[in-house]
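Next comes model_28.cif, with mmCIF, C-alpha atoms.
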data_run
#
loop_
_atom_site.label_atom_id
_atom_site.label_comp_id
_atom_site.auth_asym_id
_atom_site.auth_seq_id
_atom_site.Cartn_x
_atom_site.Cartn_y
_atom_site.Cartn_z
CA MET Y 1 7.98 -16.44 -18.23
CA PRO Y 2 6.18 -14.11 -15.77
CA ILE Y 3 2.39 -14.42 -15.87
CA ILE Y 4 -0.11 -11.79 -14.78
CA THR Y 5 -2.26 -13.59 -12.20
CA GLY Y 6 -4.46 -10.74 -11.09
CA ILE Y 7 -5.30 -7.04 -11.36
CA VAL Y 8 -6.94 -5.66 -8.22
CA PRO Y 9 -7.88 -2.16 -6.99
CA SER Y 10 -5.16 -0.50 -4.94
CA PRO Y 11 -6.16 -0.16 -1.27
CA ASP Y 12 -3.91 2.89 -0.87
CA LYS Y 13 -4.22 4.82 -4.14
CA PRO Y 14 -7.69 5.60 -5.53
CA GLY Y 15 -7.83 5.22 -9.31
CA HIS Y 16 -4.89 2.79 -9.31
CA VAL Y 17 -4.66 -0.98 -9.54
CA VAL Y 18 -2.13 -3.51 -8.27
CA ILE Y 19 -0.76 -5.91 -10.89
CA LEU Y 20 0.00 -9.37 -9.51
CA VAL Y 21 2.70 -11.34 -11.35
CA ASP Y 22 2.93 -15.02 -10.39
CA GLY Y 23 0.81 -14.25 -7.35
CA VAL Y 24 3.05 -11.46 -6.05
CA ALA Y 25 2.35 -7.72 -6.12
CA PHE Y 26 4.44 -6.43 -9.02
CA ALA Y 27 3.44 -2.79 -9.56
CA THR Y 28 0.80 -0.23 -8.69
CA VAL Y 29 -0.22 1.72 -11.79
CA PRO Y 30 -3.03 4.06 -12.89
CA GLU Y 31 -6.12 2.09 -13.84
CA ALA Y 32 -6.00 3.42 -17.41
CA SER Y 33 -2.46 2.07 -17.85
CA ALA Y 34 -3.69 -1.46 -17.15
CA ALA Y 35 -6.61 -1.33 -19.55
CA ASP Y 36 -4.88 -3.60 -22.07
CA LEU Y 37 -3.62 -6.08 -19.48
CA ALA Y 38 -5.47 -9.19 -18.34
CA PRO Y 39 -4.78 -12.14 -16.02
CA GLY Y 40 -3.19 -15.07 -17.79
CA GLN Y 41 -1.06 -13.13 -20.24
CA SER Y 42 2.68 -12.79 -19.94
CA SER Y 43 2.71 -9.23 -21.20
CA PRO Y 44 0.72 -6.90 -23.46
CA ALA Y 45 2.23 -8.54 -26.50
CA GLY Y 46 1.17 -8.10 -30.07
CA PRO Y 47 -0.24 -10.92 -32.19
CA ALA Y 48 1.99 -13.90 -32.88
CA ALA Y 49 3.66 -14.14 -36.24
CA PRO Y 50 1.91 -16.60 -38.61
CA PRO Y 51 3.60 -19.99 -39.12
CA ARG Y 52 5.77 -20.38 -42.21
CA PRO Y 53 4.31 -22.63 -44.87
CA PRO Y 54 6.02 -25.95 -45.66
CA GLY Y 55 8.86 -25.65 -48.15
CA ALA Y 56 9.40 -21.97 -47.49
CA GLY Y 57 12.85 -22.47 -45.94
CA ALA Y 58 14.74 -21.91 -49.19
CA HIS Y 59 13.46 -18.36 -49.62
CA ARG Y 60 12.82 -15.77 -46.95
CA PRO Y 61 9.18 -14.62 -47.13
CA PRO Y 62 8.57 -10.88 -47.32
CA GLY Y 63 8.55 -9.37 -43.84
CA GLU Y 64 10.34 -12.28 -42.16
CA GLY Y 65 13.19 -10.00 -41.03
CA ALA Y 66 10.71 -7.64 -39.38
CA GLN Y 67 9.04 -10.59 -37.66
CA LYS Y 68 12.37 -11.74 -36.26
CA THR Y 69 13.14 -8.23 -35.07
CA GLY Y 70 9.75 -8.05 -33.38
CA ALA Y 71 10.26 -11.42 -31.73
CA GLY Y 72 13.69 -10.31 -30.47
CA ALA Y 73 12.24 -7.10 -29.04
CA GLN Y 74 9.48 -9.09 -27.33
CA LYS Y 75 12.07 -11.44 -25.82
CA THR Y 76 13.94 -8.47 -24.38
CA TYR Y 77 10.70 -7.04 -23.00
CA GLU Y 78 9.81 -10.33 -21.29
CA ARG Y 79 13.31 -10.58 -19.81
CA ALA Y 80 12.85 -7.06 -18.43
CA LEU Y 81 9.55 -8.17 -16.85
CA ARG Y 82 11.27 -11.12 -15.23
CA LEU Y 83 13.97 -8.88 -13.78
CA LEU Y 84 11.34 -6.52 -12.38
CA SER Y 85 9.43 -9.44 -10.87
CA PHE Y 86 12.49 -10.23 -8.71
CA ARG Y 87 12.78 -6.67 -7.34
CA ALA Y 88 12.02 -3.07 -8.25
CA ARG Y 89 14.64 -1.24 -10.32
CA SER Y 90 15.26 2.19 -11.76
CA ALA Y 91 15.17 2.66 -15.53
CA LYS Y 92 18.97 3.05 -15.73
CA GLU Y 93 19.55 0.04 -13.50
CA LEU Y 94 17.26 -2.13 -15.61
CA GLU Y 95 18.85 -0.88 -18.83
CA LYS Y 96 22.35 -1.72 -17.57
CA ARG Y 97 21.31 -5.21 -16.45
CA LEU Y 98 19.64 -6.06 -19.75
CA ILE Y 99 22.69 -4.97 -21.73
CA GLU Y 100 24.92 -7.01 -19.40
CA LYS Y 101 22.78 -10.02 -20.27
CA GLY Y 102 23.48 -9.47 -23.96
CA GLU Y 103 20.23 -7.86 -25.10
CA PRO Y 104 20.59 -5.50 -28.12
CA ARG Y 105 20.64 -1.85 -27.14
CA ASP Y 106 17.78 -0.92 -29.49
CA HIS Y 107 15.60 -3.68 -28.02
CA VAL Y 108 16.50 -2.53 -24.52
CA ALA Y 109 15.56 1.07 -25.32
CA ALA Y 110 12.22 -0.09 -26.74
CA ALA Y 111 11.52 -2.27 -23.70
CA ILE Y 112 12.32 0.56 -21.28
CA GLN Y 113 10.07 2.95 -23.21
CA ARG Y 114 7.25 0.40 -23.27
CA LEU Y 115 7.51 -0.34 -19.54
CA CYS Y 116 7.48 3.36 -18.71
CA ALA Y 117 4.45 3.94 -20.95
CA ASN Y 118 2.61 1.08 -19.21
CA GLY Y 119 3.43 2.46 -15.76
CA LEU Y 120 5.47 -0.62 -14.86
CA LEU Y 121 8.72 1.32 -14.63
CA ASP Y 122 8.70 4.65 -12.81
CA ASP Y 123 11.79 6.25 -11.29
CA ALA Y 124 9.73 8.60 -9.12
CA ARG Y 125 7.79 5.69 -7.60
CA PHE Y 126 11.01 3.67 -7.23
CA ALA Y 127 12.79 6.57 -5.50
CA GLU Y 128 9.87 7.18 -3.13
CA ALA Y 129 9.81 3.51 -2.09
CA LYS Y 130 13.56 3.54 -1.43
CA ALA Y 131 13.34 6.82 0.48
CA ARG Y 132 10.47 5.52 2.61
CA SER Y 133 12.46 2.40 3.46
CA GLY Y 134 15.49 4.47 4.39
CA ILE Y 135 13.55 6.91 6.53
CA LEU Y 136 11.10 4.58 8.26
CA GLY Y 137 13.12 1.36 8.31
CA ARG Y 138 16.80 1.58 9.10
CA PRO Y 139 17.16 5.32 9.76
CA ARG Y 140 19.37 6.78 7.04
CA SER Y 141 20.47 10.31 6.31
CA ARG Y 142 19.14 12.29 3.40
CA ARG Y 143 22.65 12.37 1.93
CA ARG Y 144 23.02 8.58 2.13
CA ILE Y 145 19.63 7.99 0.47
CA GLU Y 146 20.52 10.43 -2.32
CA GLN Y 147 23.86 8.65 -2.86
CA ASP Y 148 22.18 5.24 -3.04
CA LEU Y 149 19.61 6.47 -5.55
CA ALA Y 150 22.31 8.17 -7.64
CA ARG Y 151 24.19 4.87 -7.86
CA LYS Y 152 21.01 3.31 -9.21
CA GLY Y 153 20.75 5.96 -11.90
CA VAL Y 154 17.96 8.07 -10.42
CA ALA Y 155 18.20 11.77 -11.29
CA ARG Y 156 19.04 14.06 -8.39
CA ASP Y 157 15.87 16.14 -8.71
CA VAL Y 158 13.73 12.97 -8.70
CA ALA Y 159 15.53 11.67 -5.59
CA ASP Y 160 15.20 15.03 -3.82
CA ALA Y 161 11.48 15.23 -4.56
CA ALA Y 162 10.95 11.66 -3.33
CA ILE Y 163 12.72 12.31 -0.01
CA ARG Y 164 10.81 15.56 0.57
CA GLN Y 165 7.53 13.82 -0.21
CA VAL Y 166 8.17 10.95 2.22
CA MET Y 167 9.25 13.30 5.01
CA ALA Y 168 6.14 15.42 4.46
CA ASP Y 169 3.90 12.34 4.41
CA GLU Y 170 5.41 11.01 7.63
CA GLY Y 171 5.62 14.37 9.40
CA THR Y 172 9.34 14.00 10.10
CA ASP Y 173 12.63 15.69 9.25
CA GLU Y 174 16.36 14.96 9.12
CA LEU Y 175 16.89 15.68 12.83
CA ALA Y 176 14.10 13.34 13.93
CA VAL Y 177 15.52 10.56 11.74
CA ALA Y 178 19.01 11.16 13.17
CA GLU Y 179 17.64 11.00 16.74
CA ARG Y 180 15.98 7.67 15.98
CA ALA Y 181 19.25 6.36 14.51
CA ALA Y 182 21.13 7.55 17.61
CA ARG Y 183 18.72 5.81 19.99
CA LYS Y 184 18.95 2.60 18.01
CA LYS Y 185 22.76 2.69 18.06
CA LEU Y 186 22.84 3.61 21.74
CA ARG Y 187 20.97 0.42 22.65
CA THR Y 188 23.94 -1.59 21.36
CA LEU Y 189 26.41 0.32 23.57
CA ALA Y 190 24.85 -0.26 26.98
CA ARG Y 191 28.06 -1.72 28.48
CA LEU Y 192 30.20 1.34 27.67
CA ASP Y 193 30.56 4.41 29.82
CA PRO Y 194 28.69 7.57 28.72
CA ALA Y 195 31.78 9.25 27.23
CA GLU Y 196 32.52 6.24 25.02
CA GLN Y 197 28.86 5.98 24.07
CA ARG Y 198 28.79 9.60 22.97
CA GLN Y 199 31.98 9.20 20.94
CA LYS Y 200 30.76 6.07 19.16
CA VAL Y 201 27.28 7.43 18.44
CA TYR Y 202 28.81 10.64 17.05
CA ALA Y 203 31.11 8.62 14.76
CA PHE Y 204 28.25 6.38 13.68
CA LEU Y 205 25.99 9.29 12.70
CA ALA Y 206 28.84 11.01 10.87
CA ARG Y 207 29.51 7.85 8.85
CA GLN Y 208 25.83 7.70 7.95
CA GLY Y 209 26.14 11.08 6.25
CA TYR Y 210 24.44 13.37 8.76
CA ALA Y 211 25.78 16.93 8.86
CA PRO Y 212 27.88 17.83 11.96
CA ASP Y 213 25.22 20.24 13.24
CA VAL Y 214 22.52 17.56 12.94
CA VAL Y 215 24.77 15.05 14.73
CA ARG Y 216 25.40 17.43 17.65
CA ARG Y 217 21.71 18.29 18.00
CA ALA Y 218 20.71 14.63 17.87
CA LEU Y 219 23.25 13.76 20.58
CA ARG Y 220 21.96 16.55 22.81
CA ALA Y 221 18.38 15.44 22.32
CA VAL Y 222 19.09 11.78 22.98
CA MET Y 223 21.99 11.61 25.43
CA ASP Y 224 21.71 14.84 27.39
CA ALA Y 225 18.03 14.22 28.02
CA ARG Y 226 18.82 10.68 29.17
CA ASP Y 227 21.65 11.74 31.48
CA ALA Y 228 19.90 14.79 32.97
CA PRO Y 229 19.05 14.43 36.70
CA PRO Y 230 15.34 14.24 37.58
CA PRO Y 231 13.65 17.50 38.63
CA ASP Y 232 13.63 18.32 42.37
CA GLY Y 233 11.06 16.37 44.26
CA GLU Y 234 10.86 13.53 41.75
CA VAL Y 235 12.07 10.04 42.56
CA GLU Y 236 13.83 8.02 39.90
#

What would the structure in this file look like if it were written as C-alpha coordinates?
Amino acid sequence: MPIITGIVPSPDKPGHVVILVDGVAFATVPEASAADLAPGQSSPAGPAAPPRPPGAGAHRPPGEGAQKTGAGAQKTYERALRLLSFRARSAKELEKRLIEKGEPRDHVAAAIQRLCANGLLDDARFAEAKARSGILGRPRSRRRIEQDLARKGVARDVADAAIRQVMADEGTDELAVAERAARKKLRTLARLDPAEQRQKVYAFLARQGYAPDVVRRALRAVMDARDAPPPDGEVE
(Lines of atoms letter the chains of each structure in order from A and count residues from 1; the text may use other names and numbers.)
(Lines give C-alpha, C1' and ligand atoms only; values in the text may rest on other atoms or scores of the structure.)
Protein backbone atom coordinates (compact mmCIF):
# COMPACT_ATOMS: atom_id res chain seq x y z
CA MET A 1 0.00 0.00 0.00
CA PRO A 2 1.19 3.61 -0.50
CA ILE A 3 3.30 4.93 2.38
CA ILE A 4 3.82 8.57 3.29
CA THR A 5 7.61 8.99 3.26
CA GLY A 6 7.86 12.69 3.92
CA ILE A 7 6.04 15.98 4.47
CA VAL A 8 8.11 19.00 3.46
CA PRO A 9 7.41 22.74 3.08
CA SER A 10 6.32 23.73 -0.42
CA PRO A 11 8.98 25.83 -2.18
CA ASP A 12 6.32 27.53 -4.32
CA LYS A 13 3.32 28.01 -2.01
CA PRO A 14 3.83 29.59 1.42
CA GLY A 15 1.73 27.91 4.10
CA HIS A 16 1.55 24.66 2.10
CA VAL A 17 3.43 21.38 2.36
CA VAL A 18 4.32 18.70 -0.19
CA ILE A 19 3.29 15.15 0.74
CA LEU A 20 5.72 12.51 -0.51
CA VAL A 21 4.26 9.04 -1.11
CA ASP A 22 6.82 6.29 -1.68
CA GLY A 23 9.44 8.98 -2.23
CA VAL A 24 7.49 10.81 -4.95
CA ALA A 25 5.70 14.16 -4.64
CA PHE A 26 2.03 13.22 -4.31
CA ALA A 27 0.15 16.43 -3.46
CA THR A 28 0.65 19.99 -2.28
CA VAL A 29 -1.88 20.85 0.43
CA PRO A 30 -2.41 23.55 3.07
CA GLU A 31 -0.26 22.89 6.12
CA ALA A 32 -3.33 22.57 8.35
CA SER A 33 -4.72 19.79 6.14
CA ALA A 34 -1.63 17.68 6.81
CA ALA A 35 -1.68 18.12 10.58
CA ASP A 36 -2.91 14.56 11.15
CA LEU A 37 -0.52 12.97 8.65
CA ALA A 38 2.94 11.64 9.46
CA PRO A 39 5.71 9.80 7.58
CA GLY A 40 5.41 6.05 7.81
CA GLN A 41 1.63 5.80 7.77
CA SER A 42 -0.35 4.60 4.80
CA SER A 43 -3.18 7.03 5.38
CA PRO A 44 -4.88 8.94 8.21
CA ALA A 45 -6.66 5.80 9.26
CA GLY A 46 -8.61 5.25 12.42
CA PRO A 47 -7.60 2.73 15.09
CA ALA A 48 -7.54 -0.93 14.11
CA ALA A 49 -10.41 -3.11 15.18
CA PRO A 50 -9.58 -5.28 18.23
CA PRO A 51 -8.89 -8.98 17.57
CA ARG A 52 -11.77 -11.40 18.08
CA PRO A 53 -11.40 -13.64 21.11
CA PRO A 54 -10.92 -17.40 20.62
CA GLY A 55 -14.17 -19.30 20.19
CA ALA A 56 -16.12 -16.26 19.09
CA GLY A 57 -16.68 -17.55 15.55
CA ALA A 58 -20.05 -19.13 16.32
CA HIS A 59 -21.66 -15.83 17.30
CA ARG A 60 -21.10 -12.41 15.79
CA PRO A 61 -19.94 -9.99 18.51
CA PRO A 62 -21.85 -6.73 18.82
CA GLY A 63 -20.50 -4.16 16.39
CA GLU A 64 -18.73 -6.68 14.13
CA GLY A 65 -20.82 -5.59 11.13
CA ALA A 66 -19.80 -1.97 11.67
CA GLN A 67 -16.16 -3.02 11.94
CA LYS A 68 -16.38 -4.86 8.63
CA THR A 69 -18.02 -1.85 7.01
CA GLY A 70 -15.26 0.39 8.35
CA ALA A 71 -12.58 -1.98 7.09
CA GLY A 72 -14.22 -2.04 3.65
CA ALA A 73 -14.38 1.75 3.53
CA GLN A 74 -10.71 1.94 4.54
CA LYS A 75 -9.79 -0.52 1.78
CA THR A 76 -11.55 1.68 -0.77
CA TYR A 77 -9.78 4.75 0.58
CA GLU A 78 -6.37 3.08 0.30
CA ARG A 79 -7.13 1.94 -3.25
CA ALA A 80 -8.00 5.55 -4.08
CA LEU A 81 -4.64 6.65 -2.65
CA ARG A 82 -2.85 4.10 -4.81
CA LEU A 83 -4.63 5.35 -7.93
CA LEU A 84 -3.69 8.94 -7.10
CA SER A 85 -0.07 7.92 -6.52
CA PHE A 86 0.12 6.80 -10.17
CA ARG A 87 -1.19 10.11 -11.55
CA ALA A 88 -3.40 13.04 -10.62
CA ARG A 89 -7.13 12.64 -11.28
CA SER A 90 -10.31 14.66 -10.99
CA ALA A 91 -12.91 13.64 -8.41
CA LYS A 92 -15.26 12.27 -11.10
CA GLU A 93 -12.46 10.41 -12.82
CA LEU A 94 -11.35 8.80 -9.57
CA GLU A 95 -14.94 7.92 -8.64
CA LYS A 96 -15.51 6.22 -12.01
CA ARG A 97 -12.28 4.23 -11.77
CA LEU A 98 -13.00 2.98 -8.25
CA ILE A 99 -16.48 1.83 -9.23
CA GLU A 100 -15.04 0.08 -12.30
CA LYS A 101 -12.74 -1.81 -9.93
CA GLY A 102 -15.76 -3.05 -8.00
CA GLU A 103 -15.68 -0.78 -4.95
CA PRO A 104 -19.11 -0.15 -3.34
CA ARG A 105 -20.58 3.21 -4.28
CA ASP A 106 -21.09 4.30 -0.66
CA HIS A 107 -17.45 3.52 0.14
CA VAL A 108 -16.36 5.41 -2.96
CA ALA A 109 -18.40 8.46 -1.98
CA ALA A 110 -16.89 8.39 1.51
CA ALA A 111 -13.35 8.05 0.12
CA ILE A 112 -13.85 10.96 -2.30
CA GLN A 113 -15.23 13.14 0.50
CA ARG A 114 -12.33 12.22 2.79
CA LEU A 115 -9.70 12.92 0.13
CA CYS A 116 -11.26 16.29 -0.67
CA ALA A 117 -11.40 17.21 3.02
CA ASN A 118 -7.70 16.30 3.41
CA GLY A 119 -6.74 18.40 0.38
CA LEU A 120 -5.50 15.34 -1.51
CA LEU A 121 -8.17 15.64 -4.19
CA ASP A 122 -8.89 19.07 -5.63
CA ASP A 123 -10.48 19.64 -9.04
CA ALA A 124 -9.34 23.27 -9.15
CA ARG A 125 -5.71 22.29 -8.56
CA PHE A 126 -6.03 19.40 -11.03
CA ALA A 127 -7.52 21.68 -13.71
CA GLU A 128 -4.83 24.32 -13.20
CA ALA A 129 -2.06 21.73 -13.61
CA LYS A 130 -3.64 20.41 -16.81
CA ALA A 131 -4.17 23.92 -18.16
CA ARG A 132 -0.57 24.89 -17.41
CA SER A 133 0.68 21.80 -19.23
CA GLY A 134 -1.50 22.56 -22.23
CA ILE A 135 -0.51 26.21 -22.41
CA LEU A 136 3.20 26.00 -21.62
CA GLY A 137 3.99 22.51 -22.92
CA ARG A 138 2.42 21.41 -26.17
CA PRO A 139 0.52 24.59 -27.13
CA ARG A 140 -3.19 23.81 -27.02
CA SER A 141 -6.23 25.96 -27.57
CA ARG A 142 -8.49 27.05 -24.77
CA ARG A 143 -11.32 25.07 -26.37
CA ARG A 144 -9.24 21.87 -26.51
CA ILE A 145 -8.17 22.20 -22.86
CA GLU A 146 -11.78 22.76 -21.80
CA GLN A 147 -12.89 19.68 -23.76
CA ASP A 148 -10.18 17.53 -22.18
CA LEU A 149 -11.10 18.68 -18.67
CA ALA A 150 -14.81 18.13 -19.36
CA ARG A 151 -14.07 14.53 -20.37
CA LYS A 152 -12.37 14.09 -17.01
CA GLY A 153 -15.43 15.37 -15.19
CA VAL A 154 -14.21 18.85 -14.29
CA ALA A 155 -16.99 21.45 -14.12
CA ARG A 156 -16.89 24.07 -16.86
CA ASP A 157 -16.60 27.01 -14.45
CA VAL A 158 -13.67 25.32 -12.68
CA ALA A 159 -11.91 24.67 -16.01
CA ASP A 160 -12.52 28.24 -17.19
CA ALA A 161 -11.14 29.71 -13.97
CA ALA A 162 -8.06 27.47 -14.17
CA ILE A 163 -7.27 28.51 -17.76
CA ARG A 164 -7.73 32.21 -16.97
CA GLN A 165 -5.50 31.88 -13.91
CA VAL A 166 -2.68 30.18 -15.83
CA MET A 167 -2.82 32.70 -18.67
CA ALA A 168 -2.72 35.56 -16.15
CA ASP A 169 0.17 33.96 -14.26
CA GLU A 170 2.17 33.46 -17.46
CA GLY A 171 1.27 36.80 -19.03
CA THR A 172 -0.04 35.18 -22.21
CA ASP A 173 -3.28 34.84 -24.17
CA GLU A 174 -4.91 32.61 -26.78
CA LEU A 175 -3.26 34.38 -29.72
CA ALA A 176 0.24 34.06 -28.25
CA VAL A 177 -0.32 30.35 -27.62
CA ALA A 178 -1.60 29.90 -31.20
CA GLU A 179 1.47 31.70 -32.59
CA ARG A 180 3.75 29.38 -30.63
CA ALA A 181 1.84 26.35 -31.94
CA ALA A 182 2.13 27.71 -35.50
CA ARG A 183 5.89 28.21 -35.22
CA LYS A 184 6.34 24.73 -33.83
CA LYS A 185 4.30 23.19 -36.67
CA LEU A 186 6.07 25.32 -39.28
CA ARG A 187 9.44 23.84 -38.30
CA THR A 188 8.19 20.42 -39.48
CA LEU A 189 7.20 21.78 -42.91
CA ALA A 190 10.51 23.27 -44.03
CA ARG A 191 10.59 21.27 -47.30
CA LEU A 192 7.22 22.56 -48.53
CA ASP A 193 6.64 25.75 -50.46
CA PRO A 194 5.15 28.73 -48.56
CA ALA A 195 1.62 28.22 -49.94
CA GLU A 196 1.54 24.60 -48.78
CA GLN A 197 3.02 25.58 -45.43
CA ARG A 198 0.31 28.17 -44.89
CA GLN A 199 -2.44 25.70 -45.83
CA LYS A 200 -1.14 22.99 -43.52
CA VAL A 201 -0.53 25.31 -40.57
CA TYR A 202 -4.04 26.76 -40.98
CA ALA A 203 -5.56 23.25 -40.98
CA PHE A 204 -3.46 22.22 -38.00
CA LEU A 205 -4.53 25.20 -35.87
CA ALA A 206 -8.17 24.71 -36.85
CA ARG A 207 -8.01 21.06 -35.76
CA GLN A 208 -6.55 22.17 -32.44
CA GLY A 209 -9.70 24.16 -31.76
CA TYR A 210 -8.51 27.72 -32.36
CA ALA A 211 -11.17 30.12 -33.65
CA PRO A 212 -10.84 31.14 -37.35
CA ASP A 213 -9.99 34.73 -36.43
CA VAL A 214 -7.23 33.57 -34.06
CA VAL A 215 -5.86 31.23 -36.75
CA ARG A 216 -5.70 34.03 -39.34
CA ARG A 217 -4.02 36.43 -36.93
CA ALA A 218 -1.49 33.80 -35.86
CA LEU A 219 -0.63 33.03 -39.49
CA ARG A 220 -0.12 36.72 -40.24
CA ALA A 221 2.09 37.15 -37.20
CA VAL A 222 4.21 34.09 -37.92
CA MET A 223 4.32 33.64 -41.70
CA ASP A 224 3.87 37.16 -43.03
CA ALA A 225 6.57 38.46 -40.72
CA ARG A 226 8.89 35.66 -41.83
CA ASP A 227 8.25 36.20 -45.54
CA ALA A 228 8.40 40.01 -45.47
CA PRO A 229 11.40 41.49 -47.33
CA PRO A 230 14.03 43.25 -45.20
CA PRO A 231 13.74 47.04 -44.88
CA ASP A 232 15.65 49.15 -47.46
CA GLY A 233 19.31 49.36 -46.71
CA GLU A 234 19.43 46.16 -44.67
CA VAL A 235 21.29 43.08 -45.87
CA GLU A 236 19.82 39.67 -45.23

- Note on the structure: Across Y:Lys200, Y:Lys92, Y:Lys101, Y:Arg191, the smallest distance to Y:Leu149, with only C-alpha atoms counted, is shown by Y:Lys92

- Item | Length of the atom CA of Y:Ile4 to atom CA of Y:Leu94 vector [Å] |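 So the answer is 19.9 Å.
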
- One decimal, Å: what's the distance from atom CA of Y:Pro30 over to atom CA of Y:Leu115, could you say?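 Value for the atom CA of Y:Pro30-atom CA of Y:Leu115 distance: 13.2 Å.
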
- Task: Have a look at Y:Ser141, Y:Ser10, Y:Ser133, Y:Thr28 and name the one nearest to Y:Glu170; count all atoms listed in the file.
- Result: Y:Ser133

- Task: Evaluate the PyMOL selection byres ((chain Y and resi 17) around 10) and record the selected residues as a ChimeraX atom specification, following the chain and residue labels used in the document.
- Result: /Y:6-16,18-20,27-34

- Message: Quick check on the file I pasted: which residues fall under the PyMOL selection byres ((chain Y and resi 164) around 12)? Write them as number ranges by chain.
- Response: Y: 124, 127-128, 131-132, 135, 142, 145-146, 157-163, 165-174

- Test item: residues at most 8 Å from Y:Lys152, all atoms listed in the file, excluding those fewer than 6 positions along its chain, as a PyMOL selection string: chain Y and resi 89-90+92-93

- Message: One number please: atom CA of Y:Ala178 to atom CA of Y:Asp122, in Å, one decimal.
- Response: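 We find that atom CA of Y:Ala178 and atom CA of Y:Asp122 lie 28.7 Å from each other.
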
- Pull out every residue that the PyMOL selection byres ((chain Y and resi 185) around 12) matches in the shown coordinates and put them as an MDAnalysis selection string. chainID Y and resid 138:139 178:184 186:190 197:205 208 219 222:223

Selection to disk with C-alpha atoms, as an mmCIF file, in the frame of the given file:
data_model
loop_
_atom_site.group_PDB
_atom_site.id
_atom_site.type_symbol
_atom_site.label_atom_id
_atom_site.label_comp_id
_atom_site.auth_asym_id
_atom_site.auth_seq_id
_atom_site.Cartn_x
_atom_site.Cartn_y
_atom_site.Cartn_z
ATOM 1 C CA ARG Y 138 16.800 1.580 9.100
ATOM 2 C CA PRO Y 139 17.160 5.320 9.760
ATOM 3 C CA ALA Y 178 19.010 11.160 13.170
ATOM 4 C CA GLU Y 179 17.640 11.000 16.740
ATOM 5 C CA ARG Y 180 15.980 7.670 15.980
ATOM 6 C CA ALA Y 181 19.250 6.360 14.510
ATOM 7 C CA ALA Y 182 21.130 7.550 17.610
ATOM 8 C CA ARG Y 183 18.720 5.810 19.990
ATOM 9 C CA LYS Y 184 18.950 2.600 18.010
ATOM 10 C CA LEU Y 186 22.840 3.610 21.740
ATOM 11 C CA ARG Y 187 20.970 0.420 22.650
ATOM 12 C CA THR Y 188 23.940 -1.590 21.360
ATOM 13 C CA LEU Y 189 26.410 0.320 23.570
ATOM 14 C CA ALA Y 190 24.850 -0.260 26.980
ATOM 15 C CA GLN Y 197 28.860 5.980 24.070
ATOM 16 C CA ARG Y 198 28.790 9.600 22.970
ATOM 17 C CA GLN Y 199 31.980 9.200 20.940
ATOM 18 C CA LYS Y 200 30.760 6.070 19.160
ATOM 19 C CA VAL Y 201 27.280 7.430 18.440
ATOM 20 C CA TYR Y 202 28.810 10.640 17.050
ATOM 21 C CA ALA Y 203 31.110 8.620 14.760
ATOM 22 C CA PHE Y 204 28.250 6.380 13.680
ATOM 23 C CA LEU Y 205 25.990 9.290 12.700
ATOM 24 C CA GLN Y 208 25.830 7.700 7.950
ATOM 25 C CA LEU Y 219 23.250 13.760 20.580
ATOM 26 C CA VAL Y 222 19.090 11.780 22.980
ATOM 27 C CA MET Y 223 21.990 11.610 25.430
#

- Query: Between Y:Val214, Y:Asp36, Y:Ala129, Y:His107, which one has atoms that come closest to Y:Ala71, using all atoms listed in the file?
  - Reply: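 Using all atoms listed in the file, the shortest distance to Y:Ala71 belongs to Y:His107.
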
- Query: Which residues, written as a PyMOL selection string, have at least one atom at most 12 Å from Y:Asp224, with only C-alpha atoms counted and residues fewer than 4 positions away on the same chain left out?
  - Reply: chain Y and resi 194-195+197-198+216-220+228-229
